[in-house]
>>> print(open('data.cif').read())   # mmCIF, N, CA and C atoms
data_entry
#
loop_
_atom_site.label_atom_id
_atom_site.label_comp_id
_atom_site.auth_asym_id
_atom_site.auth_seq_id
_atom_site.Cartn_x
_atom_site.Cartn_y
_atom_site.Cartn_z
N MET A 1203 108.25 129.42 78.97
CA MET A 1203 109.30 129.31 79.96
C MET A 1203 109.68 127.84 80.09
N ALA A 1204 110.93 127.55 80.06
CA ALA A 1204 111.43 126.18 80.19
C ALA A 1204 111.89 125.94 81.61
N PHE A 1205 111.93 124.69 81.97
CA PHE A 1205 112.47 124.32 83.27
C PHE A 1205 113.27 123.04 83.11
N LYS A 1206 114.17 122.83 84.02
CA LYS A 1206 115.04 121.66 83.98
C LYS A 1206 114.59 120.66 85.03
N LEU A 1207 114.43 119.44 84.62
CA LEU A 1207 114.08 118.39 85.57
C LEU A 1207 115.29 118.06 86.43
N GLY A 1208 115.04 117.77 87.66
CA GLY A 1208 116.12 117.39 88.57
C GLY A 1208 116.65 116.00 88.28
N LYS A 1209 117.65 115.62 89.00
CA LYS A 1209 118.28 114.31 88.82
C LYS A 1209 117.81 113.30 89.86
N GLU A 1210 116.70 113.59 90.52
CA GLU A 1210 116.21 112.68 91.54
C GLU A 1210 115.87 111.33 90.93
N SER A 1211 116.25 110.31 91.62
CA SER A 1211 115.86 108.96 91.19
C SER A 1211 115.52 108.17 92.44
N ARG A 1212 114.49 107.38 92.33
CA ARG A 1212 114.08 106.54 93.45
C ARG A 1212 114.52 105.13 93.15
N LYS A 1213 115.16 104.53 94.11
CA LYS A 1213 115.59 103.15 93.89
C LYS A 1213 114.52 102.20 94.40
N ILE A 1214 114.43 101.08 93.76
CA ILE A 1214 113.55 100.04 94.23
C ILE A 1214 114.29 99.29 95.33
N ARG A 1215 113.65 99.12 96.45
CA ARG A 1215 114.27 98.43 97.58
C ARG A 1215 114.36 96.93 97.31
N THR A 1216 115.48 96.37 97.69
CA THR A 1216 115.69 94.93 97.65
C THR A 1216 116.41 94.54 98.93
N PRO A 1217 116.46 93.23 99.25
CA PRO A 1217 117.22 92.83 100.43
C PRO A 1217 118.71 93.17 100.32
N GLU A 1218 119.19 93.27 99.10
CA GLU A 1218 120.61 93.56 98.90
C GLU A 1218 120.97 95.02 99.15
N ASN A 1219 120.02 95.94 98.98
CA ASN A 1219 120.35 97.36 99.15
C ASN A 1219 119.64 98.01 100.33
N THR A 1220 119.09 97.21 101.22
CA THR A 1220 118.39 97.72 102.39
C THR A 1220 119.09 97.22 103.66
N PRO A 1221 119.50 98.13 104.54
CA PRO A 1221 120.12 97.69 105.79
C PRO A 1221 119.12 96.92 106.65
N ILE A 1222 119.49 95.69 107.00
CA ILE A 1222 118.64 94.84 107.83
C ILE A 1222 119.37 94.63 109.16
N ILE A 1223 118.71 95.02 110.24
CA ILE A 1223 119.32 94.99 111.57
C ILE A 1223 118.55 94.02 112.44
N LYS A 1224 119.27 93.07 113.02
CA LYS A 1224 118.63 92.11 113.92
C LYS A 1224 118.58 92.70 115.32
N LYS A 1225 117.40 92.61 115.93
CA LYS A 1225 117.23 93.07 117.32
C LYS A 1225 116.00 92.41 117.90
N LYS A 1226 115.90 92.42 119.20
CA LYS A 1226 114.75 91.85 119.89
C LYS A 1226 113.56 92.77 119.67
N LEU A 1227 112.49 92.21 119.10
CA LEU A 1227 111.26 92.97 118.88
C LEU A 1227 110.19 92.46 119.84
N GLY A 1228 109.05 93.10 119.83
CA GLY A 1228 107.97 92.73 120.73
C GLY A 1228 107.35 91.39 120.38
N PRO A 1229 106.45 90.93 121.24
CA PRO A 1229 105.78 89.66 120.99
C PRO A 1229 105.03 89.67 119.65
N ASN A 1230 105.15 88.59 118.92
CA ASN A 1230 104.46 88.42 117.63
C ASN A 1230 104.87 89.44 116.57
N ILE A 1231 106.03 90.06 116.72
CA ILE A 1231 106.53 90.99 115.70
C ILE A 1231 107.78 90.38 115.10
N ASN A 1232 107.71 90.05 113.81
CA ASN A 1232 108.87 89.47 113.12
C ASN A 1232 109.81 90.54 112.60
N ALA A 1233 109.25 91.66 112.11
CA ALA A 1233 110.08 92.68 111.49
C ALA A 1233 109.34 94.01 111.48
N GLU A 1234 110.11 95.09 111.25
CA GLU A 1234 109.55 96.45 111.17
C GLU A 1234 110.30 97.23 110.10
N ALA A 1235 109.57 97.99 109.29
CA ALA A 1235 110.17 98.93 108.34
C ALA A 1235 110.27 100.28 109.04
N ASN A 1236 111.41 100.94 108.91
CA ASN A 1236 111.65 102.20 109.60
C ASN A 1236 111.74 103.37 108.63
N ASN A 1237 111.38 104.56 109.10
CA ASN A 1237 111.44 105.77 108.29
C ASN A 1237 112.86 106.08 107.80
N ASP A 1238 113.87 105.59 108.47
CA ASP A 1238 115.25 105.90 108.08
C ASP A 1238 115.79 104.97 106.99
N GLY A 1239 114.94 104.08 106.45
CA GLY A 1239 115.37 103.21 105.37
C GLY A 1239 115.93 101.88 105.83
N THR A 1240 115.82 101.58 107.11
CA THR A 1240 116.31 100.30 107.62
C THR A 1240 115.14 99.39 107.96
N ILE A 1241 115.45 98.12 108.09
CA ILE A 1241 114.47 97.13 108.55
C ILE A 1241 115.04 96.47 109.79
N PHE A 1242 114.21 96.38 110.83
CA PHE A 1242 114.55 95.58 112.00
C PHE A 1242 113.91 94.21 111.79
N ILE A 1243 114.66 93.16 112.10
CA ILE A 1243 114.11 91.80 112.09
C ILE A 1243 114.44 91.16 113.42
N ASP A 1244 113.48 90.45 113.97
CA ASP A 1244 113.67 89.88 115.31
C ASP A 1244 114.89 88.96 115.33
N SER A 1245 115.66 89.10 116.38
CA SER A 1245 116.92 88.34 116.51
C SER A 1245 116.70 86.84 116.61
N SER A 1246 115.48 86.41 116.89
CA SER A 1246 115.21 84.97 116.98
C SER A 1246 115.01 84.31 115.61
N ILE A 1247 114.88 85.11 114.56
CA ILE A 1247 114.61 84.57 113.23
C ILE A 1247 115.93 84.29 112.52
N ARG A 1248 116.08 83.04 112.07
CA ARG A 1248 117.33 82.61 111.43
C ARG A 1248 117.42 83.18 110.02
N GLU A 1249 118.54 83.86 109.74
CA GLU A 1249 118.78 84.42 108.42
C GLU A 1249 118.74 83.30 107.37
N GLY A 1250 118.04 83.57 106.26
CA GLY A 1250 117.93 82.58 105.20
C GLY A 1250 116.72 81.67 105.32
N SER A 1251 116.08 81.66 106.50
CA SER A 1251 114.91 80.81 106.69
C SER A 1251 113.72 81.37 105.89
N THR A 1252 112.70 80.55 105.72
CA THR A 1252 111.49 80.99 105.02
C THR A 1252 110.85 82.16 105.75
N VAL A 1253 110.79 82.10 107.06
CA VAL A 1253 110.20 83.20 107.85
C VAL A 1253 110.99 84.49 107.63
N TYR A 1254 112.31 84.38 107.62
CA TYR A 1254 113.18 85.55 107.40
C TYR A 1254 112.90 86.16 106.03
N LYS A 1255 112.87 85.35 105.00
CA LYS A 1255 112.65 85.85 103.63
C LYS A 1255 111.28 86.51 103.50
N LYS A 1256 110.24 85.88 104.06
CA LYS A 1256 108.90 86.45 103.99
C LYS A 1256 108.85 87.78 104.74
N ALA A 1257 109.45 87.84 105.91
CA ALA A 1257 109.44 89.07 106.71
C ALA A 1257 110.17 90.20 105.99
N VAL A 1258 111.31 89.90 105.41
CA VAL A 1258 112.07 90.93 104.69
C VAL A 1258 111.29 91.42 103.47
N ASN A 1259 110.73 90.50 102.69
CA ASN A 1259 109.94 90.92 101.52
C ASN A 1259 108.74 91.77 101.93
N HIS A 1260 108.10 91.40 103.01
CA HIS A 1260 106.96 92.16 103.54
C HIS A 1260 107.38 93.59 103.88
N GLU A 1261 108.47 93.72 104.61
CA GLU A 1261 108.91 95.05 105.04
C GLU A 1261 109.47 95.87 103.88
N ILE A 1262 110.09 95.23 102.92
CA ILE A 1262 110.57 95.96 101.73
C ILE A 1262 109.39 96.55 100.97
N GLU A 1263 108.28 95.83 100.91
CA GLU A 1263 107.08 96.40 100.28
C GLU A 1263 106.65 97.66 101.02
N HIS A 1264 106.67 97.63 102.36
CA HIS A 1264 106.34 98.84 103.12
C HIS A 1264 107.34 99.96 102.82
N MET A 1265 108.62 99.63 102.68
CA MET A 1265 109.62 100.65 102.35
C MET A 1265 109.31 101.28 101.00
N ASN A 1266 108.96 100.46 100.02
CA ASN A 1266 108.61 100.98 98.70
C ASN A 1266 107.35 101.84 98.77
N GLN A 1267 106.37 101.44 99.59
CA GLN A 1267 105.16 102.24 99.77
C GLN A 1267 105.52 103.62 100.36
N MET A 1268 106.43 103.64 101.32
CA MET A 1268 106.83 104.90 101.95
C MET A 1268 107.63 105.76 100.99
N GLU A 1269 108.57 105.16 100.27
CA GLU A 1269 109.40 105.93 99.36
C GLU A 1269 108.61 106.51 98.19
N SER A 1270 107.53 105.85 97.80
CA SER A 1270 106.69 106.37 96.72
C SER A 1270 105.73 107.45 97.21
N GLY A 1271 105.62 107.61 98.53
CA GLY A 1271 104.72 108.60 99.10
C GLY A 1271 103.32 108.07 99.36
N ARG A 1272 103.07 106.82 99.07
CA ARG A 1272 101.73 106.24 99.32
C ARG A 1272 101.50 105.99 100.79
N ALA A 1273 102.55 105.72 101.55
CA ALA A 1273 102.42 105.38 102.96
C ALA A 1273 103.43 106.16 103.79
N GLY A 1274 103.15 106.27 105.06
CA GLY A 1274 104.06 106.90 105.99
C GLY A 1274 103.51 106.71 107.40
N TYR A 1275 104.30 107.07 108.38
CA TYR A 1275 103.82 106.93 109.75
C TYR A 1275 104.55 107.87 110.69
N THR A 1276 103.87 108.17 111.77
CA THR A 1276 104.46 108.87 112.91
C THR A 1276 104.05 108.06 114.14
N ASP A 1277 104.42 108.54 115.30
CA ASP A 1277 104.00 107.85 116.52
C ASP A 1277 102.48 107.85 116.68
N ASN A 1278 101.82 108.86 116.11
CA ASN A 1278 100.39 109.05 116.34
C ASN A 1278 99.48 108.78 115.14
N ALA A 1279 100.06 108.49 113.98
CA ALA A 1279 99.22 108.31 112.79
C ALA A 1279 99.92 107.46 111.74
N VAL A 1280 99.09 106.85 110.90
CA VAL A 1280 99.56 106.17 109.70
C VAL A 1280 98.95 106.93 108.53
N LYS A 1281 99.77 107.23 107.53
CA LYS A 1281 99.30 107.90 106.33
C LYS A 1281 99.20 106.85 105.23
N TRP A 1282 98.08 106.82 104.54
CA TRP A 1282 97.91 105.90 103.42
C TRP A 1282 97.17 106.62 102.31
N GLU A 1283 97.83 106.75 101.18
CA GLU A 1283 97.27 107.37 99.99
C GLU A 1283 96.57 108.69 100.29
N GLY A 1284 97.27 109.55 101.04
CA GLY A 1284 96.79 110.90 101.31
C GLY A 1284 95.87 111.04 102.51
N ASN A 1285 95.50 109.96 103.15
CA ASN A 1285 94.64 110.00 104.33
C ASN A 1285 95.44 109.64 105.57
N ASN A 1286 95.10 110.27 106.68
CA ASN A 1286 95.75 109.98 107.96
C ASN A 1286 94.80 109.19 108.85
N TYR A 1287 95.36 108.15 109.47
CA TYR A 1287 94.59 107.29 110.36
C TYR A 1287 95.27 107.28 111.72
N ALA A 1288 94.48 107.52 112.76
CA ALA A 1288 95.00 107.59 114.12
C ALA A 1288 95.69 106.28 114.50
N ARG A 1289 96.76 106.42 115.28
CA ARG A 1289 97.55 105.27 115.74
C ARG A 1289 97.80 105.46 117.24
N LYS A 1290 97.47 104.42 118.02
CA LYS A 1290 97.65 104.53 119.47
C LYS A 1290 97.75 103.13 120.08
N ASP A 1291 98.75 102.93 120.92
CA ASP A 1291 98.92 101.69 121.68
C ASP A 1291 98.86 100.44 120.80
N GLY A 1292 99.54 100.48 119.66
CA GLY A 1292 99.60 99.31 118.78
C GLY A 1292 98.35 99.09 117.94
N MET A 1293 97.47 100.09 117.91
CA MET A 1293 96.22 100.00 117.15
C MET A 1293 96.15 101.15 116.14
N ILE A 1294 95.43 100.91 115.04
CA ILE A 1294 95.22 101.92 114.01
C ILE A 1294 93.73 102.02 113.74
N GLN A 1295 93.23 103.26 113.75
CA GLN A 1295 91.81 103.47 113.45
C GLN A 1295 91.66 103.68 111.95
N TYR A 1296 91.05 102.70 111.29
CA TYR A 1296 90.87 102.73 109.85
C TYR A 1296 89.38 102.61 109.53
N LYS A 1297 88.87 103.63 108.88
CA LYS A 1297 87.45 103.67 108.49
C LYS A 1297 86.52 103.37 109.66
N GLY A 1298 86.80 104.02 110.80
CA GLY A 1298 85.91 103.94 111.95
C GLY A 1298 86.10 102.74 112.86
N LYS A 1299 87.03 101.85 112.52
CA LYS A 1299 87.24 100.66 113.34
C LYS A 1299 88.72 100.59 113.74
N TRP A 1300 88.99 100.11 114.93
CA TRP A 1300 90.36 99.96 115.41
C TRP A 1300 90.90 98.58 115.05
N TYR A 1301 92.08 98.55 114.43
CA TYR A 1301 92.75 97.32 114.04
C TYR A 1301 94.13 97.26 114.70
N SER A 1302 94.61 96.08 114.98
CA SER A 1302 95.99 95.92 115.44
C SER A 1302 96.93 96.30 114.32
N GLU A 1303 98.07 96.90 114.67
CA GLU A 1303 99.09 97.17 113.66
C GLU A 1303 99.44 95.85 112.99
N GLY A 1304 99.55 95.85 111.68
CA GLY A 1304 99.87 94.63 110.96
C GLY A 1304 98.67 93.79 110.59
N ASP A 1305 97.46 94.24 110.93
CA ASP A 1305 96.26 93.47 110.62
C ASP A 1305 96.13 93.27 109.11
N LYS A 1306 95.82 92.05 108.72
CA LYS A 1306 95.74 91.69 107.30
C LYS A 1306 94.60 92.41 106.56
N ASN A 1307 93.70 93.07 107.27
CA ASN A 1307 92.59 93.79 106.63
C ASN A 1307 92.95 95.22 106.23
N LEU A 1308 94.09 95.72 106.68
CA LEU A 1308 94.52 97.07 106.31
C LEU A 1308 95.10 97.03 104.90
N PRO A 1309 94.76 97.99 104.04
CA PRO A 1309 95.16 97.90 102.63
C PRO A 1309 96.67 97.87 102.41
N TRP A 1310 97.45 98.60 103.21
CA TRP A 1310 98.90 98.57 103.05
C TRP A 1310 99.46 97.21 103.46
N GLU A 1311 98.80 96.56 104.39
CA GLU A 1311 99.24 95.22 104.80
C GLU A 1311 98.87 94.18 103.74
N LYS A 1312 97.72 94.33 103.10
CA LYS A 1312 97.33 93.39 102.04
C LYS A 1312 98.39 93.36 100.95
N GLU A 1313 98.90 94.54 100.56
CA GLU A 1313 99.95 94.61 99.53
C GLU A 1313 101.24 93.95 100.03
N ALA A 1314 101.59 94.22 101.28
CA ALA A 1314 102.82 93.66 101.83
C ALA A 1314 102.73 92.14 101.97
N ILE A 1315 101.56 91.64 102.31
CA ILE A 1315 101.37 90.19 102.41
C ILE A 1315 101.54 89.53 101.05
N LYS A 1316 101.02 90.17 100.00
CA LYS A 1316 101.21 89.63 98.64
C LYS A 1316 102.69 89.60 98.26
N ALA A 1317 103.44 90.58 98.73
CA ALA A 1317 104.86 90.68 98.39
C ALA A 1317 105.72 89.65 99.12
N GLU A 1318 105.20 89.01 100.14
CA GLU A 1318 105.99 88.07 100.94
C GLU A 1318 106.58 86.95 100.11
N THR A 1319 105.91 86.54 99.06
CA THR A 1319 106.37 85.38 98.27
C THR A 1319 107.19 85.78 97.05
N LYS A 1320 107.56 87.06 96.92
CA LYS A 1320 108.41 87.48 95.81
C LYS A 1320 109.79 86.83 95.95
N LYS A 1321 110.40 86.57 94.84
CA LYS A 1321 111.76 85.97 94.86
C LYS A 1321 112.79 86.97 95.25
#
>>> encode(input="data.cif", output="structure tokens")
Amino acid sequence: MAFKLGKESRKIRTPENTPIIKKKLGPNINAEANNDGTIFIDSSIREGSTVYKKAVNHEIEHMNQMESGRAGYTDNAVKWEGNNYARKDGMIQYKGKWYSEGDKNLPWEKEAIKAETKK
């Protein structure tokens, strides 16, 4: 029996093809990747600055993680490589310990931090 492959294609996210919306974010939050394919960046960050570029590259890595199915989130959980981790009040329970969202010790954040310096 034969089957036909679909025409689905996944695009690689870049700053040029990702909607970036400036808005006031919480304390110590530079940017956020959203499930709808947009990125929020704090309105205090100047476009074109080093902080802006690093924040956008960081969040684009999260977008790529989500689009590939490796990562995802809801109000109550973060999904990473098929596992769900509880999320509550800005904290994520990962391997029995609670971490702040964005903590550099979380594996999805480690990848995003490496991506900050991409051109």
>>> resolve_selection(input="data.cif", expression="the PyMOL selection byres (((chain A and resi 1276-1285 and name CA) around 9) and name CA)", output="list in words")
Asn1237, Gln1267, Gly1271, Arg1272, Ala1273, Gly1274, Tyr1275, Asn1286, Tyr1287, Ala1288, Arg1289, Lys1290, Ile1294, Gln1295, Pro1309 and Trp1310 of chain A
>>> write_last_selection(input="data.cif", atoms="N, CA and C atoms", output="mmCIF file, keeping the file's coordinate frame")
data_model
loop_
_atom_site.group_PDB
_atom_site.id
_atom_site.type_symbol
_atom_site.label_atom_id
_atom_site.label_comp_id
_atom_site.auth_asym_id
_atom_site.auth_seq_id
_atom_site.Cartn_x
_atom_site.Cartn_y
_atom_site.Cartn_z
ATOM 1 N N ASN A 1237 111.380 104.560 109.100
ATOM 2 C CA ASN A 1237 111.440 105.770 108.290
ATOM 3 C C ASN A 1237 112.860 106.080 107.800
ATOM 4 N N GLN A 1267 106.370 101.440 99.590
ATOM 5 C CA GLN A 1267 105.160 102.240 99.770
ATOM 6 C C GLN A 1267 105.520 103.620 100.360
ATOM 7 N N GLY A 1271 105.620 107.610 98.530
ATOM 8 C CA GLY A 1271 104.720 108.600 99.100
ATOM 9 C C GLY A 1271 103.320 108.070 99.360
ATOM 10 N N ARG A 1272 103.070 106.820 99.070
ATOM 11 C CA ARG A 1272 101.730 106.240 99.320
ATOM 12 C C ARG A 1272 101.500 105.990 100.790
ATOM 13 N N ALA A 1273 102.550 105.720 101.550
ATOM 14 C CA ALA A 1273 102.420 105.380 102.960
ATOM 15 C C ALA A 1273 103.430 106.160 103.790
ATOM 16 N N GLY A 1274 103.150 106.270 105.060
ATOM 17 C CA GLY A 1274 104.060 106.900 105.990
ATOM 18 C C GLY A 1274 103.510 106.710 107.400
ATOM 19 N N TYR A 1275 104.300 107.070 108.380
ATOM 20 C CA TYR A 1275 103.820 106.930 109.750
ATOM 21 C C TYR A 1275 104.550 107.870 110.690
ATOM 22 N N ASN A 1286 95.100 110.270 106.680
ATOM 23 C CA ASN A 1286 95.750 109.980 107.960
ATOM 24 C C ASN A 1286 94.800 109.190 108.850
ATOM 25 N N TYR A 1287 95.360 108.150 109.470
ATOM 26 C CA TYR A 1287 94.590 107.290 110.360
ATOM 27 C C TYR A 1287 95.270 107.280 111.720
ATOM 28 N N ALA A 1288 94.480 107.520 112.760
ATOM 29 C CA ALA A 1288 95.000 107.590 114.120
ATOM 30 C C ALA A 1288 95.690 106.280 114.500
ATOM 31 N N ARG A 1289 96.760 106.420 115.280
ATOM 32 C CA ARG A 1289 97.550 105.270 115.740
ATOM 33 C C ARG A 1289 97.800 105.460 117.240
ATOM 34 N N LYS A 1290 97.470 104.420 118.020
ATOM 35 C CA LYS A 1290 97.650 104.530 119.470
ATOM 36 C C LYS A 1290 97.750 103.130 120.080
ATOM 37 N N ILE A 1294 95.430 100.910 115.040
ATOM 38 C CA ILE A 1294 95.220 101.920 114.010
ATOM 39 C C ILE A 1294 93.730 102.020 113.740
ATOM 40 N N GLN A 1295 93.230 103.260 113.750
ATOM 41 C CA GLN A 1295 91.810 103.470 113.450
ATOM 42 C C GLN A 1295 91.660 103.680 111.950
ATOM 43 N N PRO A 1309 94.760 97.990 104.040
ATOM 44 C CA PRO A 1309 95.160 97.900 102.630
ATOM 45 C C PRO A 1309 96.670 97.870 102.410
ATOM 46 N N TRP A 1310 97.450 98.600 103.210
ATOM 47 C CA TRP A 1310 98.900 98.570 103.050
ATOM 48 C C TRP A 1310 99.460 97.210 103.460
#
>>> axis_aligned_box(input="data.cif", around="range 1240-1245 of chain A", padding_each_side="4 Å", output="AutoDock Vina command-line options")
--center_x 115.2 --center_y 94.2 --center_z 111.9 --size_x 11.4 --size_y 22.7 --size_z 17.5
>>> residues_around(input="data.cif", residues="range 1217-1228 of chain A", least_positions_apart="4", cutoff="5 Å", atoms="all atoms listed in the file", output="list in words")
Thr1240, Ile1241, Phe1242, Ile1243, Asp1244 and Ser1245 of chain A
>>> atom_distance(input="data.cif", atom1="CA of Lys1256 in chain A", atom2="CA of Ala1317 in chain A")
8.1 Å
>>> resolve_selection(input="data.cif", expression="the PyMOL selection byres ((chain A and resi 1259-1261) around 8)", output="mmCIF file with N, CA and C atoms, in the coordinates of the input")
data_model
loop_
_atom_site.group_PDB
_atom_site.id
_atom_site.type_symbol
_atom_site.label_atom_id
_atom_site.label_comp_id
_atom_site.auth_asym_id
_atom_site.auth_seq_id
_atom_site.Cartn_x
_atom_site.Cartn_y
_atom_site.Cartn_z
ATOM 1 N N THR A 1216 115.480 96.370 97.690
ATOM 2 C CA THR A 1216 115.690 94.930 97.650
ATOM 3 C C THR A 1216 116.410 94.540 98.930
ATOM 4 N N PRO A 1217 116.460 93.230 99.250
ATOM 5 C CA PRO A 1217 117.220 92.830 100.430
ATOM 6 C C PRO A 1217 118.710 93.170 100.320
ATOM 7 N N ALA A 1233 109.250 91.660 112.110
ATOM 8 C CA ALA A 1233 110.080 92.680 111.490
ATOM 9 C C ALA A 1233 109.340 94.010 111.480
ATOM 10 N N GLU A 1234 110.110 95.090 111.250
ATOM 11 C CA GLU A 1234 109.550 96.450 111.170
ATOM 12 C C GLU A 1234 110.300 97.230 110.100
ATOM 13 N N ALA A 1235 109.570 97.990 109.290
ATOM 14 C CA ALA A 1235 110.170 98.930 108.340
ATOM 15 C C ALA A 1235 110.270 100.280 109.040
ATOM 16 N N ASN A 1236 111.410 100.940 108.910
ATOM 17 C CA ASN A 1236 111.650 102.200 109.600
ATOM 18 C C ASN A 1236 111.740 103.370 108.630
ATOM 19 N N THR A 1240 115.820 101.580 107.110
ATOM 20 C CA THR A 1240 116.310 100.300 107.620
ATOM 21 C C THR A 1240 115.140 99.390 107.960
ATOM 22 N N ILE A 1241 115.450 98.120 108.090
ATOM 23 C CA ILE A 1241 114.470 97.130 108.550
ATOM 24 C C ILE A 1241 115.040 96.470 109.790
ATOM 25 N N PHE A 1242 114.210 96.380 110.830
ATOM 26 C CA PHE A 1242 114.550 95.580 112.000
ATOM 27 C C PHE A 1242 113.910 94.210 111.790
ATOM 28 N N VAL A 1253 110.790 82.100 107.060
ATOM 29 C CA VAL A 1253 110.200 83.200 107.850
ATOM 30 C C VAL A 1253 110.990 84.490 107.630
ATOM 31 N N TYR A 1254 112.310 84.380 107.620
ATOM 32 C CA TYR A 1254 113.180 85.550 107.400
ATOM 33 C C TYR A 1254 112.900 86.160 106.030
ATOM 34 N N LYS A 1255 112.870 85.350 105.000
ATOM 35 C CA LYS A 1255 112.650 85.850 103.630
ATOM 36 C C LYS A 1255 111.280 86.510 103.500
ATOM 37 N N LYS A 1256 110.240 85.880 104.060
ATOM 38 C CA LYS A 1256 108.900 86.450 103.990
ATOM 39 C C LYS A 1256 108.850 87.780 104.740
ATOM 40 N N ALA A 1257 109.450 87.840 105.910
ATOM 41 C CA ALA A 1257 109.440 89.070 106.710
ATOM 42 C C ALA A 1257 110.170 90.200 105.990
ATOM 43 N N VAL A 1258 111.310 89.900 105.410
ATOM 44 C CA VAL A 1258 112.070 90.930 104.690
ATOM 45 C C VAL A 1258 111.290 91.420 103.470
ATOM 46 N N ILE A 1262 110.090 95.230 102.920
ATOM 47 C CA ILE A 1262 110.570 95.960 101.730
ATOM 48 C C ILE A 1262 109.390 96.550 100.970
ATOM 49 N N GLU A 1263 108.280 95.830 100.910
ATOM 50 C CA GLU A 1263 107.080 96.400 100.280
ATOM 51 C C GLU A 1263 106.650 97.660 101.020
ATOM 52 N N HIS A 1264 106.670 97.630 102.360
ATOM 53 C CA HIS A 1264 106.340 98.840 103.120
ATOM 54 C C HIS A 1264 107.340 99.960 102.820
ATOM 55 N N MET A 1265 108.620 99.630 102.680
ATOM 56 C CA MET A 1265 109.620 100.650 102.350
ATOM 57 C C MET A 1265 109.310 101.280 101.000
ATOM 58 N N ASN A 1266 108.960 100.460 100.020
ATOM 59 C CA ASN A 1266 108.610 100.980 98.700
ATOM 60 C C ASN A 1266 107.350 101.840 98.770
ATOM 61 N N GLN A 1267 106.370 101.440 99.590
ATOM 62 C CA GLN A 1267 105.160 102.240 99.770
ATOM 63 C C GLN A 1267 105.520 103.620 100.360
ATOM 64 N N GLU A 1313 98.900 94.540 100.560
ATOM 65 C CA GLU A 1313 99.950 94.610 99.530
ATOM 66 C C GLU A 1313 101.240 93.950 100.030
ATOM 67 N N ALA A 1314 101.590 94.220 101.280
ATOM 68 C CA ALA A 1314 102.820 93.660 101.830
ATOM 69 C C ALA A 1314 102.730 92.140 101.970
ATOM 70 N N ILE A 1315 101.560 91.640 102.310
ATOM 71 C CA ILE A 1315 101.370 90.190 102.410
ATOM 72 C C ILE A 1315 101.540 89.530 101.050
ATOM 73 N N LYS A 1316 101.020 90.170 100.000
ATOM 74 C CA LYS A 1316 101.210 89.630 98.640
ATOM 75 C C LYS A 1316 102.690 89.600 98.260
ATOM 76 N N ALA A 1317 103.440 90.580 98.730
ATOM 77 C CA ALA A 1317 104.860 90.680 98.390
ATOM 78 C C ALA A 1317 105.720 89.650 99.120
ATOM 79 N N GLU A 1318 105.200 89.010 100.140
ATOM 80 C CA GLU A 1318 105.990 88.070 100.940
ATOM 81 C C GLU A 1318 106.580 86.950 100.110
ATOM 82 N N THR A 1319 105.910 86.540 99.060
ATOM 83 C CA THR A 1319 106.370 85.380 98.270
ATOM 84 C C THR A 1319 107.190 85.780 97.050
ATOM 85 N N LYS A 1320 107.560 87.060 96.920
ATOM 86 C CA LYS A 1320 108.410 87.480 95.810
ATOM 87 C C LYS A 1320 109.790 86.830 95.950
ATOM 88 N N LYS A 1321 110.400 86.570 94.840
ATOM 89 C CA LYS A 1321 111.760 85.970 94.860
ATOM 90 C C LYS A 1321 112.790 86.970 95.250
#
>>> atom_distance(input="data.cif", atom1="CA of Leu1308 in chain A", atom2="atom C of Met1293 in chain A")
10.8 Å
>>> atom_distance(input="data.cif", atom1="CA of Tyr1296 in chain A", atom2="CA of Lys1312 in chain A")
13.8 Å
>>> select_by_dssp(input="data.cif", residues="chain A", states="strand (DSSP E or B)", output="ChimeraX atom specification")
/A:1222-1225,1233-1235,1241-1244,1273-1275,1279-1282,1285-1290,1293-1296,1299-1302
>>> select_by_dssp(input="data.cif", residues="chain A", states="helix (DSSP H, G or I)", output="ChimeraX atom specification")
/A:1252-1269,1309-1317
>>> closest_residue(input="data.cif", among="A:Gly1304, A:Gly1250, A:Gly1239, A:Pro1229", to="Gly1292 in chain A", atoms="all atoms listed in the file")
A:Gly1304
